[in-house]
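Worksheet: one structure, shown below.
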2 protein chains.
Amino acid sequence: MIGIFDSGLGGLTAVREIRKLYPNESLVYFGDTGRVPYGTRSRETIVKYALEDYKFLRSFGIRAVVAACGTVSSTALDELKAISDIPVVGVVEGAAEAAAETSKNRKIGVIGTAATVRSGAFERALREIDGSIEVTSVACPLFVPLVEYGFTSPDDEITAMACERYLKTMAEKEVDTLILGCTHYPIISSVISKVLPGVKLVDIGAESAKRLMKVIGGEVADGGEMRYYVSDDTSMFEQSASVFMGSNISGSVQRVEL
Amino acid sequence: MIGIFDSGLGGLTAVREIRKLYPNESLVYFGDTGRVPYGTRSRETIVKYALEDYKFLRSFGIRAVVAACGTVSSTALDELKAISDIPVVGVVEGAAEAAAETSKNRKIGVIGTAATVRSGAFERALREIDGSIEVTSVACPLFVPLVEYGFTSPDDEITAMACERYLKTMAEKEVDTLILGCTHYPIISSVISKVLPGVKLVDIGAESAKRLMKVIGGEVADGGEMRYYVSDDTSMFEQSASVFMGSNISGSVQRVEL
């Protein structure tokens with residue numbers, strides 16, 4: 001069994017990819033919907049919440065934990081690894097490797113929450129791979145609300161205008177590869193691509209699944225059960241989850257108090 | 001001493017107005033910045049958080065509590081009043097009275113968070129005053145992030161477009177008075193007024209201060225101290241608070257764990 005958590009719903013984009021690679025292993029997901037978003041909070045608060053999320057998932061017999069959240073992965077991964085006796089996989093390393101492999105001109109962009117960009121985690125990971133990479137990072141705090149409140153049509157003018165404003169620097173810096181450093185962002189990738197045509201987008205959810213495979217190997221077939229836990233109303237979660245999963249969620253959803 | 005709380009920063013617009021009416025009475029503010037926003041959460045979670053906020057403020061020697069939050073006032077006020085032995089003042093009643101007095105054509109609009117609109121609290125309050133009032137309510141979930149992430153210039157095109165989309169119905173319904181049912185919204189009132197020219201806007205923070213005066217009377221001069229407590233980083237709070245206060249905040253800010 002593998003545990004996956006996120007501040008809210010975004011981590012479901014990672015669950016979808018992990019399920020593809022681990023079709024017969026049980027997965028347990030925790031979305032902290034009662035305290036989402038994390039990306040605008042202080043480092044101290046993000047670490048506190050992430051440790052609580054981790055401890056909840058450890059109440060299951062899991063063999064690895066995926067922090068399927070750009071904010072947690074860039075802000076609290078060291079703290080999680082320090083207390084964990086099972087592998088903890090974040091979204092930063094895999095995405096940085098994928099971006100470094102993809103980029104031709106060595107100009108890579110990173111977008112994420114305020115906390116993610118403040119942390120500098122993606123820059124550090126990219127520079128460790130190749131010190132010559134030029135990294136441009138921009139915080140896009142409005143993207144999470146735009147996704148959560150349904151501004152997700154490929155033709156949405158408000159989302160397009162927000163993309164233009166936030167991503168102007170990326171065009172000026174001529175990045176050829178852009179890391180979508182938040183698990184919400186793939187939902188508006190078609191709008192991002194219109195503003196940055198030709199730029200390759202790196203989906204951290206998909207890369208975290210591949211990274212997990214590298215770290216813990218193939219699946220342990222234990223029934224392939226899917227369980228979801230959230231810290232706010234389950235029906236609100238069920239209604240919104242399909243946006244991130246690409247289909248209705250299957251499996252039980254339960255509410256839990258941390 | 002009077003206690004005031006909000007999910008985050010918006011309640012400071014009420015603090016500003018309360019300070020004007022109570023210049024020499026001590027005020028204590030709690031902003032739940034570690035769990036903001038409330039407006040997109042379930043009723044059950046909002047009630048739980050509101051009761052925790054209330055209990056924290058009761059650790060001070062306060063004589064009244066103001067729920068300076070449209071979401072709490074419309075969703076959890078009955079629960080707060082049920083457990084409280086001191087007056088609890090919300091933002092709904094005062095704003096409904098002011099709107100009913102202002103409106104000439106008896107067509108009143110209400111905008112607020114998803115939870116506020118779902119609650120129907122403003123409609124009920126307006127219809128209790130005058131059953132002939134036609135109420136149009138629209139949830140505007142993107143407004144809080146727009147304010148919190150700095151899209152607050154009167155010329156901001158993204159905010160203007162969001163206003164146009166959300167407020168189209170208000171123009172069609174010919175409302176002549178609009179209740180800004182969330183303490184964040186006065187910050188973008190000039191953009192709202194451009195989209196709805198001639199429509200009178202009701203500021204729930206200002207009306208809650210007047211309502212407080214009606215309920216508890218004039219001030220008890222006890223030094224006029226100002227104390228702020230937040231559940232996330234104090235420096236982030238101090239940086240953003242001036243937007244809502246109209247000036248830098250004066251008084252001590254402390255972090256607290258609920």
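Every chain in the structure tokens takes a letter, A first, then B, and so on in the order presented; its residues are numbered from 1, and the ligands are numbered from 1 following the presented order.
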Mind doing a quick least-squares superposition of chain B onto chain A, all C-alpha atoms paired one-to-one in order, and writing it out as a JSON list (two decimals) with C-alpha atoms, in the first residue's frame?
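Output contents, as saved in out-v4.json:
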[["chain", "number", "residue", "atom", "x", "y", "z"],
["B", 1, "MET", "CA", -0.02, -0.02, 0.00],
["B", 2, "ILE", "CA", 1.20, 3.49, -0.92],
["B", 3, "GLY", "CA", 0.13, 6.72, 0.80],
["B", 4, "ILE", "CA", -0.33, 9.96, -1.12],
["B", 5, "PHE", "CA", -1.26, 13.34, 0.30],
["B", 6, "ASP", "CA", -1.86, 16.89, -0.82],
["B", 7, "SER", "CA", -3.23, 20.09, 0.66],
["B", 8, "GLY", "CA", -6.45, 19.41, -1.24],
["B", 9, "LEU", "CA", -7.43, 18.07, -4.63],
["B", 10, "GLY", "CA", -4.39, 18.72, -6.80],
["B", 11, "GLY", "CA", -2.64, 15.55, -5.65],
["B", 12, "LEU", "CA", -5.27, 13.54, -7.49],
["B", 13, "THR", "CA", -3.41, 14.34, -10.71],
["B", 14, "ALA", "CA", -0.53, 12.32, -9.19],
["B", 15, "VAL", "CA", -2.87, 9.54, -7.99],
["B", 16, "ARG", "CA", -4.05, 9.09, -11.56],
["B", 17, "GLU", "CA", -0.46, 8.59, -12.76],
["B", 18, "ILE", "CA", 0.52, 6.38, -9.82],
["B", 19, "ARG", "CA", -2.51, 4.17, -10.47],
["B", 20, "LYS", "CA", -1.29, 3.63, -14.05],
["B", 21, "LEU", "CA", 2.10, 2.37, -12.81],
["B", 22, "TYR", "CA", 0.68, 0.47, -9.81],
["B", 23, "PRO", "CA", -2.64, -0.97, -11.04],
["B", 24, "ASN", "CA", -2.87, -3.73, -8.42],
["B", 25, "GLU", "CA", -1.44, -2.05, -5.33],
["B", 26, "SER", "CA", -3.70, -0.40, -2.77],
["B", 27, "LEU", "CA", -3.49, 3.38, -2.54],
["B", 28, "VAL", "CA", -4.64, 5.65, 0.28],
["B", 29, "TYR", "CA", -5.03, 9.38, -0.37],
["B", 30, "PHE", "CA", -5.37, 12.20, 2.12],
["B", 31, "GLY", "CA", -6.48, 15.65, 0.96],
["B", 32, "ASP", "CA", -6.40, 18.34, 3.64],
["B", 33, "THR", "CA", -9.47, 20.07, 2.23],
["B", 34, "GLY", "CA", -10.28, 21.63, 5.61],
["B", 35, "ARG", "CA", -7.07, 23.68, 5.48],
["B", 36, "VAL", "CA", -6.33, 24.06, 1.76],
["B", 37, "PRO", "CA", -4.51, 26.06, 0.34],
["B", 38, "TYR", "CA", -1.00, 25.62, 1.76],
["B", 39, "GLY", "CA", 0.85, 27.67, -0.86],
["B", 40, "THR", "CA", 0.07, 31.07, 0.65],
["B", 41, "ARG", "CA", 0.99, 30.12, 4.22],
["B", 42, "SER", "CA", 4.26, 30.47, 6.08],
["B", 43, "ARG", "CA", 6.97, 27.81, 5.99],
["B", 44, "GLU", "CA", 6.40, 26.99, 9.66],
["B", 45, "THR", "CA", 2.68, 26.34, 9.16],
["B", 46, "ILE", "CA", 3.26, 24.28, 6.00],
["B", 47, "VAL", "CA", 5.75, 22.05, 7.85],
["B", 48, "LYS", "CA", 3.34, 21.59, 10.76],
["B", 49, "TYR", "CA", 0.45, 20.64, 8.47],
["B", 50, "ALA", "CA", 2.64, 18.32, 6.36],
["B", 51, "LEU", "CA", 3.84, 16.42, 9.43],
["B", 52, "GLU", "CA", 0.24, 15.97, 10.57],
["B", 53, "ASP", "CA", -0.76, 14.70, 7.11],
["B", 54, "TYR", "CA", 2.17, 12.28, 7.12],
["B", 55, "LYS", "CA", 1.31, 10.94, 10.58],
["B", 56, "PHE", "CA", -2.27, 10.31, 9.52],
["B", 57, "LEU", "CA", -1.15, 8.27, 6.48],
["B", 58, "ARG", "CA", 1.21, 6.26, 8.70],
["B", 59, "SER", "CA", -1.82, 4.92, 10.56],
["B", 60, "PHE", "CA", -2.20, 2.69, 7.47],
["B", 61, "GLY", "CA", 0.24, -0.09, 6.62],
["B", 62, "ILE", "CA", 1.92, 1.89, 3.84],
["B", 63, "ARG", "CA", 5.40, 1.26, 2.47],
["B", 64, "ALA", "CA", 6.02, 4.71, 0.95],
["B", 65, "VAL", "CA", 4.57, 8.23, 1.05],
["B", 66, "VAL", "CA", 4.19, 10.60, -1.87],
["B", 67, "ALA", "CA", 3.90, 14.31, -1.04],
["B", 68, "ALA", "CA", 1.88, 15.06, -4.17],
["B", 69, "CYS", "CA", 1.97, 18.77, -3.55],
["B", 70, "GLY", "CA", 4.45, 21.28, -4.95],
["B", 71, "THR", "CA", 4.25, 23.42, -1.82],
["B", 72, "VAL", "CA", 4.93, 20.57, 0.63],
["B", 73, "SER", "CA", 7.60, 19.01, -1.58],
["B", 74, "SER", "CA", 9.53, 22.26, -1.87],
["B", 75, "THR", "CA", 9.01, 23.46, 1.70],
["B", 76, "ALA", "CA", 8.76, 20.49, 4.07],
["B", 77, "LEU", "CA", 10.34, 17.45, 2.40],
["B", 78, "ASP", "CA", 13.52, 17.49, 4.51],
["B", 79, "GLU", "CA", 11.44, 17.59, 7.69],
["B", 80, "LEU", "CA", 9.32, 14.67, 6.47],
["B", 81, "LYS", "CA", 12.36, 12.60, 5.49],
["B", 82, "ALA", "CA", 13.99, 13.34, 8.85],
["B", 83, "ILE", "CA", 11.19, 11.65, 10.80],
["B", 84, "SER", "CA", 10.29, 8.91, 8.30],
["B", 85, "ASP", "CA", 11.50, 5.30, 8.31],
["B", 86, "ILE", "CA", 9.82, 4.62, 4.95],
["B", 87, "PRO", "CA", 10.61, 6.33, 1.64],
["B", 88, "VAL", "CA", 9.15, 9.81, 1.16],
["B", 89, "VAL", "CA", 8.87, 10.94, -2.46],
["B", 90, "GLY", "CA", 8.19, 14.55, -3.44],
["B", 91, "VAL", "CA", 7.54, 16.16, -6.78],
["B", 92, "VAL", "CA", 10.70, 18.24, -7.12],
["B", 93, "GLU", "CA", 13.48, 15.82, -8.04],
["B", 94, "GLY", "CA", 11.61, 13.88, -10.72],
["B", 95, "ALA", "CA", 10.31, 17.06, -12.34],
["B", 96, "ALA", "CA", 13.75, 18.68, -12.29],
["B", 97, "GLU", "CA", 15.28, 15.62, -13.97],
["B", 98, "ALA", "CA", 12.57, 15.53, -16.62],
["B", 99, "ALA", "CA", 12.94, 19.25, -17.31],
["B", 100, "ALA", "CA", 16.74, 19.01, -17.56],
["B", 101, "GLU", "CA", 16.39, 16.13, -20.04],
["B", 102, "THR", "CA", 13.79, 18.01, -22.08],
["B", 103, "SER", "CA", 15.34, 21.45, -22.34],
["B", 104, "LYS", "CA", 17.44, 22.13, -25.45],
["B", 105, "ASN", "CA", 18.46, 25.74, -24.73],
["B", 106, "ARG", "CA", 19.07, 25.21, -20.95],
["B", 107, "LYS", "CA", 16.50, 27.89, -20.08],
["B", 108, "ILE", "CA", 13.91, 26.41, -17.76],
["B", 109, "GLY", "CA", 10.95, 28.11, -16.10],
["B", 110, "VAL", "CA", 9.30, 27.17, -12.82],
["B", 111, "ILE", "CA", 5.84, 28.28, -11.76],
["B", 112, "GLY", "CA", 4.29, 27.47, -8.43],
["B", 113, "THR", "CA", 2.70, 28.87, -5.30],
["B", 114, "ALA", "CA", 4.25, 31.72, -3.34],
["B", 115, "ALA", "CA", 5.73, 29.24, -0.85],
["B", 116, "THR", "CA", 7.17, 27.03, -3.60],
["B", 117, "VAL", "CA", 8.89, 29.90, -5.39],
["B", 118, "ARG", "CA", 10.14, 31.37, -2.09],
["B", 119, "SER", "CA", 11.71, 28.00, -1.19],
["B", 120, "GLY", "CA", 13.94, 27.90, -4.29],
["B", 121, "ALA", "CA", 13.72, 24.08, -4.23],
["B", 122, "PHE", "CA", 13.24, 23.58, -7.98],
["B", 123, "GLU", "CA", 16.15, 25.93, -8.79],
["B", 124, "ARG", "CA", 18.44, 24.04, -6.43],
["B", 125, "ALA", "CA", 17.43, 20.68, -7.90],
["B", 126, "LEU", "CA", 17.96, 21.94, -11.46],
["B", 127, "ARG", "CA", 21.35, 23.49, -10.71],
["B", 128, "GLU", "CA", 22.50, 20.29, -9.00],
["B", 129, "ILE", "CA", 21.79, 18.44, -12.23],
["B", 130, "ASP", "CA", 23.42, 21.07, -14.45],
["B", 131, "GLY", "CA", 24.94, 24.27, -13.10],
["B", 132, "SER", "CA", 24.62, 25.96, -16.50],
["B", 133, "ILE", "CA", 20.81, 25.86, -16.53],
["B", 134, "GLU", "CA", 19.21, 29.32, -16.37],
["B", 135, "VAL", "CA", 16.14, 29.13, -14.12],
["B", 136, "THR", "CA", 13.29, 31.66, -14.10],
["B", 137, "SER", "CA", 10.74, 31.28, -11.30],
["B", 138, "VAL", "CA", 7.39, 33.04, -10.99],
["B", 139, "ALA", "CA", 4.76, 32.62, -8.28],
["B", 140, "CYS", "CA", 1.25, 32.34, -9.73],
["B", 141, "PRO", "CA", -1.02, 32.51, -6.64],
["B", 142, "LEU", "CA", -4.21, 33.05, -8.64],
["B", 143, "PHE", "CA", -3.88, 29.76, -10.57],
["B", 144, "VAL", "CA", -5.10, 27.53, -7.71],
["B", 145, "PRO", "CA", -8.31, 29.54, -7.16],
["B", 146, "LEU", "CA", -8.87, 29.73, -10.94],
["B", 147, "VAL", "CA", -8.73, 25.94, -11.11],
["B", 148, "GLU", "CA", -10.71, 25.33, -7.91],
["B", 149, "TYR", "CA", -13.49, 27.77, -8.86],
["B", 150, "GLY", "CA", -14.01, 26.43, -12.36],
["B", 151, "PHE", "CA", -12.18, 28.90, -14.61],
["B", 152, "THR", "CA", -10.80, 25.90, -16.48],
["B", 153, "SER", "CA", -12.23, 26.13, -19.99],
["B", 154, "PRO", "CA", -9.46, 26.30, -22.61],
["B", 155, "ASP", "CA", -11.14, 29.51, -23.83],
["B", 156, "ASP", "CA", -11.55, 31.19, -20.44],
["B", 157, "GLU", "CA", -10.58, 34.84, -20.92],
["B", 158, "ILE", "CA", -9.86, 35.51, -17.26],
["B", 159, "THR", "CA", -7.52, 32.53, -17.00],
["B", 160, "ALA", "CA", -5.88, 33.53, -20.29],
["B", 161, "MET", "CA", -5.27, 37.04, -18.99],
["B", 162, "ALA", "CA", -3.85, 35.73, -15.70],
["B", 163, "CYS", "CA", -1.55, 33.43, -17.69],
["B", 164, "GLU", "CA", -0.41, 36.31, -19.87],
["B", 165, "ARG", "CA", 0.39, 38.45, -16.85],
["B", 166, "TYR", "CA", 2.22, 35.78, -14.86],
["B", 167, "LEU", "CA", 4.03, 34.15, -17.79],
["B", 168, "LYS", "CA", 5.23, 37.23, -19.66],
["B", 169, "THR", "CA", 8.67, 36.85, -18.05],
["B", 170, "MET", "CA", 8.91, 33.26, -19.28],
["B", 171, "ALA", "CA", 8.53, 34.38, -22.88],
["B", 172, "GLU", "CA", 11.02, 37.23, -22.39],
["B", 173, "LYS", "CA", 13.56, 34.80, -20.89],
["B", 174, "GLU", "CA", 12.98, 32.40, -23.81],
["B", 175, "VAL", "CA", 12.44, 29.35, -21.64],
["B", 176, "ASP", "CA", 11.86, 26.23, -23.74],
["B", 177, "THR", "CA", 10.67, 24.08, -20.81],
["B", 178, "LEU", "CA", 8.31, 25.01, -17.98],
["B", 179, "ILE", "CA", 7.83, 23.04, -14.78],
["B", 180, "LEU", "CA", 4.21, 23.24, -13.62],
["B", 181, "GLY", "CA", 5.30, 23.23, -9.99],
["B", 182, "CYS", "CA", 1.84, 22.74, -8.47],
["B", 183, "THR", "CA", -0.44, 19.75, -8.98],
["B", 184, "HIS", "CA", -3.34, 22.05, -9.86],
["B", 185, "TYR", "CA", -1.70, 23.54, -12.91],
["B", 186, "PRO", "CA", -2.06, 20.66, -15.43],
["B", 187, "ILE", "CA", -5.80, 21.44, -15.41],
["B", 188, "ILE", "CA", -5.11, 24.74, -17.21],
["B", 189, "SER", "CA", -2.15, 23.51, -19.29],
["B", 190, "SER", "CA", -3.93, 24.21, -22.58],
["B", 191, "VAL", "CA", -4.29, 27.89, -21.64],
["B", 192, "ILE", "CA", -0.66, 28.03, -20.52],
["B", 193, "SER", "CA", 0.39, 26.51, -23.86],
["B", 194, "LYS", "CA", -1.52, 29.16, -25.79],
["B", 195, "VAL", "CA", 0.45, 31.88, -24.02],
["B", 196, "LEU", "CA", 3.76, 29.99, -24.36],
["B", 197, "PRO", "CA", 3.46, 28.12, -27.66],
["B", 198, "GLY", "CA", 6.17, 25.54, -28.27],
["B", 199, "VAL", "CA", 7.27, 25.47, -24.63],
["B", 200, "LYS", "CA", 7.40, 21.94, -23.20],
["B", 201, "LEU", "CA", 5.40, 21.56, -19.98],
["B", 202, "VAL", "CA", 6.52, 19.24, -17.20],
["B", 203, "ASP", "CA", 3.70, 17.74, -15.10],
["B", 204, "ILE", "CA", 5.00, 17.17, -11.55],
["B", 205, "GLY", "CA", 2.27, 14.62, -10.78],
["B", 206, "ALA", "CA", 3.30, 12.37, -13.66],
["B", 207, "GLU", "CA", 6.99, 12.75, -12.84],
["B", 208, "SER", "CA", 6.40, 11.95, -9.15],
["B", 209, "ALA", "CA", 4.86, 8.62, -10.19],
["B", 210, "LYS", "CA", 7.95, 7.76, -12.24],
["B", 211, "ARG", "CA", 10.18, 8.86, -9.37],
["B", 212, "LEU", "CA", 8.25, 6.64, -6.98],
["B", 213, "MET", "CA", 8.89, 3.69, -9.29],
["B", 214, "LYS", "CA", 12.63, 4.45, -9.23],
["B", 215, "VAL", "CA", 12.68, 4.66, -5.42],
["B", 216, "ILE", "CA", 10.49, 1.72, -4.38],
["B", 217, "GLY", "CA", 10.40, -0.39, -7.55],
["B", 218, "GLY", "CA", 7.36, -2.08, -9.02],
["B", 219, "GLU", "CA", 4.10, -2.84, -7.34],
["B", 220, "VAL", "CA", 3.25, -5.14, -4.48],
["B", 221, "ALA", "CA", -0.09, -6.55, -5.59],
["B", 222, "ASP", "CA", -2.28, -6.33, -2.50],
["B", 223, "GLY", "CA", -5.72, -5.91, -4.03],
["B", 224, "GLY", "CA", -5.51, -2.49, -5.69],
["B", 225, "GLU", "CA", -7.97, -0.88, -3.31],
["B", 226, "MET", "CA", -8.43, 2.91, -3.45],
["B", 227, "ARG", "CA", -9.29, 4.87, -0.31],
["B", 228, "TYR", "CA", -9.69, 8.63, 0.03],
["B", 229, "TYR", "CA", -9.69, 10.67, 3.22],
["B", 230, "VAL", "CA", -10.40, 14.39, 3.46],
["B", 231, "SER", "CA", -10.61, 16.91, 6.31],
["B", 232, "ASP", "CA", -13.73, 18.67, 5.01],
["B", 233, "ASP", "CA", -17.01, 17.52, 3.50],
["B", 234, "THR", "CA", -16.79, 14.34, 1.42],
["B", 235, "SER", "CA", -19.51, 15.28, -1.08],
["B", 236, "MET", "CA", -17.75, 18.53, -2.00],
["B", 237, "PHE", "CA", -14.61, 16.47, -2.58],
["B", 238, "GLU", "CA", -16.43, 13.91, -4.71],
["B", 239, "GLN", "CA", -17.97, 16.63, -6.86],
["B", 240, "SER", "CA", -14.66, 18.34, -7.61],
["B", 241, "ALA", "CA", -12.40, 15.30, -7.78],
["B", 242, "SER", "CA", -13.39, 14.30, -11.30],
["B", 243, "VAL", "CA", -11.73, 17.47, -12.68],
["B", 244, "PHE", "CA", -8.39, 16.22, -11.37],
["B", 245, "MET", "CA", -8.89, 12.50, -11.96],
["B", 246, "GLY", "CA", -10.22, 12.84, -15.49],
["B", 247, "SER", "CA", -13.06, 10.50, -14.47],
["B", 248, "ASN", "CA", -15.28, 9.98, -11.46],
["B", 249, "ILE", "CA", -13.39, 8.73, -8.46],
["B", 250, "SER", "CA", -13.93, 5.12, -7.53],
["B", 251, "GLY", "CA", -13.38, 3.93, -3.99],
["B", 252, "SER", "CA", -14.56, 5.06, -0.60],
["B", 253, "VAL", "CA", -14.24, 8.66, 0.62],
["B", 254, "GLN", "CA", -14.22, 9.34, 4.35],
["B", 255, "ARG", "CA", -13.90, 12.44, 6.45],
["B", 256, "VAL", "CA", -11.30, 12.55, 9.18],
["B", 257, "GLU", "CA", -10.30, 15.05, 11.87],
["B", 258, "LEU", "CA", -6.55, 15.42, 12.17]]
DSSP alpha helix (DSSP H) residues within stretch 39-163 of chain A, listed as JSON, numbers by chain: {"A": [43, 44, 45, 46, 47, 48, 49, 50, 51, 52, 53, 54, 55, 56, 57, 70, 71, 72, 73, 74, 75, 77, 78, 79, 80, 81, 82, 83, 92, 93, 94, 95, 96, 97, 98, 99, 100, 101, 102, 114, 115, 116, 117, 118, 119, 121, 122, 123, 124, 125, 126, 127, 128, 129, 143, 144, 145, 146, 147, 148, 157, 158, 159, 160, 161, 162, 163]}
All strand (DSSP E) positions in stretch 84-246 of chain A, as a PyMOL selection string: chain A and resi 88-89+107-112+134-139+177-180+200-203+226-230
Just to be explicit: take each residue in the selection above, keep N, CA, C and O atoms, and write the result as a tab-separated table (two decimals), in the first residue's frame.
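So part_2.tsv came out as:
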chain	number	residue	atom	x	y	z
A	88	VAL	N	10.03	8.66	1.39
A	88	VAL	CA	9.16	9.81	1.15
A	88	VAL	C	9.55	10.39	-0.21
A	88	VAL	O	10.72	10.75	-0.42
A	89	VAL	N	8.60	10.45	-1.11
A	89	VAL	CA	8.87	10.94	-2.46
A	89	VAL	C	8.11	12.25	-2.67
A	89	VAL	O	6.91	12.32	-2.39
A	107	LYS	N	17.27	26.82	-20.74
A	107	LYS	CA	16.51	27.89	-20.08
A	107	LYS	C	15.18	27.29	-19.62
A	107	LYS	O	14.31	26.98	-20.45
A	108	ILE	N	15.07	27.12	-18.31
A	108	ILE	CA	13.91	26.41	-17.75
A	108	ILE	C	13.13	27.33	-16.83
A	108	ILE	O	13.72	28.06	-16.03
A	109	GLY	N	11.82	27.31	-16.97
A	109	GLY	CA	10.95	28.11	-16.10
A	109	GLY	C	10.31	27.24	-15.04
A	109	GLY	O	10.10	26.04	-15.25
A	110	VAL	N	10.02	27.85	-13.91
A	110	VAL	CA	9.31	27.16	-12.82
A	110	VAL	C	8.17	28.06	-12.38
A	110	VAL	O	8.38	29.24	-12.07
A	111	ILE	N	6.94	27.53	-12.37
A	111	ILE	CA	5.83	28.27	-11.77
A	111	ILE	C	5.27	27.45	-10.61
A	111	ILE	O	5.30	26.22	-10.63
A	112	GLY	N	4.81	28.15	-9.59
A	112	GLY	CA	4.29	27.46	-8.42
A	112	GLY	C	3.61	28.44	-7.49
A	112	GLY	O	3.38	29.61	-7.86
A	134	GLU	N	19.73	28.00	-16.77
A	134	GLU	CA	19.20	29.30	-16.34
A	134	GLU	C	17.75	29.09	-15.90
A	134	GLU	O	16.93	28.65	-16.71
A	135	VAL	N	17.48	29.39	-14.64
A	135	VAL	CA	16.14	29.13	-14.10
A	135	VAL	C	15.39	30.44	-13.87
A	135	VAL	O	15.92	31.37	-13.28
A	136	THR	N	14.16	30.50	-14.34
A	136	THR	CA	13.29	31.65	-14.10
A	136	THR	C	12.07	31.16	-13.32
A	136	THR	O	11.36	30.27	-13.78
A	137	SER	N	11.86	31.73	-12.14
A	137	SER	CA	10.74	31.27	-11.30
A	137	SER	C	9.73	32.39	-11.09
A	137	SER	O	10.11	33.52	-10.83
A	138	VAL	N	8.46	32.05	-11.21
A	138	VAL	CA	7.40	33.03	-10.99
A	138	VAL	C	6.28	32.39	-10.16
A	138	VAL	O	5.80	31.30	-10.48
A	139	ALA	N	5.90	33.07	-9.08
A	139	ALA	CA	4.75	32.61	-8.28
A	139	ALA	C	3.46	33.01	-8.98
A	139	ALA	O	3.33	34.13	-9.45
A	177	THR	N	11.27	25.13	-21.64
A	177	THR	CA	10.67	24.08	-20.81
A	177	THR	C	10.14	24.74	-19.54
A	177	THR	O	10.84	25.57	-18.95
A	178	LEU	N	8.93	24.39	-19.16
A	178	LEU	CA	8.32	25.02	-17.99
A	178	LEU	C	7.82	23.93	-17.03
A	178	LEU	O	7.01	23.08	-17.41
A	179	ILE	N	8.32	23.98	-15.81
A	179	ILE	CA	7.84	23.04	-14.79
A	179	ILE	C	6.56	23.61	-14.18
A	179	ILE	O	6.57	24.71	-13.62
A	180	LEU	N	5.46	22.86	-14.29
A	180	LEU	CA	4.21	23.24	-13.62
A	180	LEU	C	4.35	22.75	-12.17
A	180	LEU	O	4.02	21.62	-11.86
A	200	LYS	N	7.75	23.25	-23.76
A	200	LYS	CA	7.39	21.93	-23.21
A	200	LYS	C	6.99	22.08	-21.74
A	200	LYS	O	7.71	22.73	-20.96
A	201	LEU	N	5.87	21.48	-21.37
A	201	LEU	CA	5.39	21.56	-19.99
A	201	LEU	C	5.71	20.27	-19.24
A	201	LEU	O	5.51	19.18	-19.77
A	202	VAL	N	6.21	20.41	-18.03
A	202	VAL	CA	6.52	19.25	-17.21
A	202	VAL	C	5.47	19.14	-16.10
A	202	VAL	O	5.29	20.07	-15.32
A	203	ASP	N	4.78	18.01	-16.06
A	203	ASP	CA	3.69	17.74	-15.10
A	203	ASP	C	4.30	17.03	-13.89
A	203	ASP	O	4.74	15.88	-13.97
A	226	MET	N	-8.65	1.48	-3.41
A	226	MET	CA	-8.43	2.93	-3.44
A	226	MET	C	-9.26	3.57	-2.33
A	226	MET	O	-10.48	3.46	-2.31
A	227	ARG	N	-8.58	4.23	-1.40
A	227	ARG	CA	-9.29	4.89	-0.31
A	227	ARG	C	-8.92	6.36	-0.26
A	227	ARG	O	-7.74	6.70	-0.41
A	228	TYR	N	-9.91	7.19	-0.05
A	228	TYR	CA	-9.69	8.64	0.04
A	228	TYR	C	-10.12	9.13	1.41
A	228	TYR	O	-11.19	8.76	1.90
A	229	TYR	N	-9.32	10.01	1.99
A	229	TYR	CA	-9.68	10.68	3.23
A	229	TYR	C	-9.53	12.18	3.02
A	229	TYR	O	-8.58	12.62	2.36
A	230	VAL	N	-10.46	12.93	3.58
A	230	VAL	CA	-10.39	14.40	3.47
A	230	VAL	C	-10.73	15.00	4.83
A	230	VAL	O	-11.34	14.33	5.68
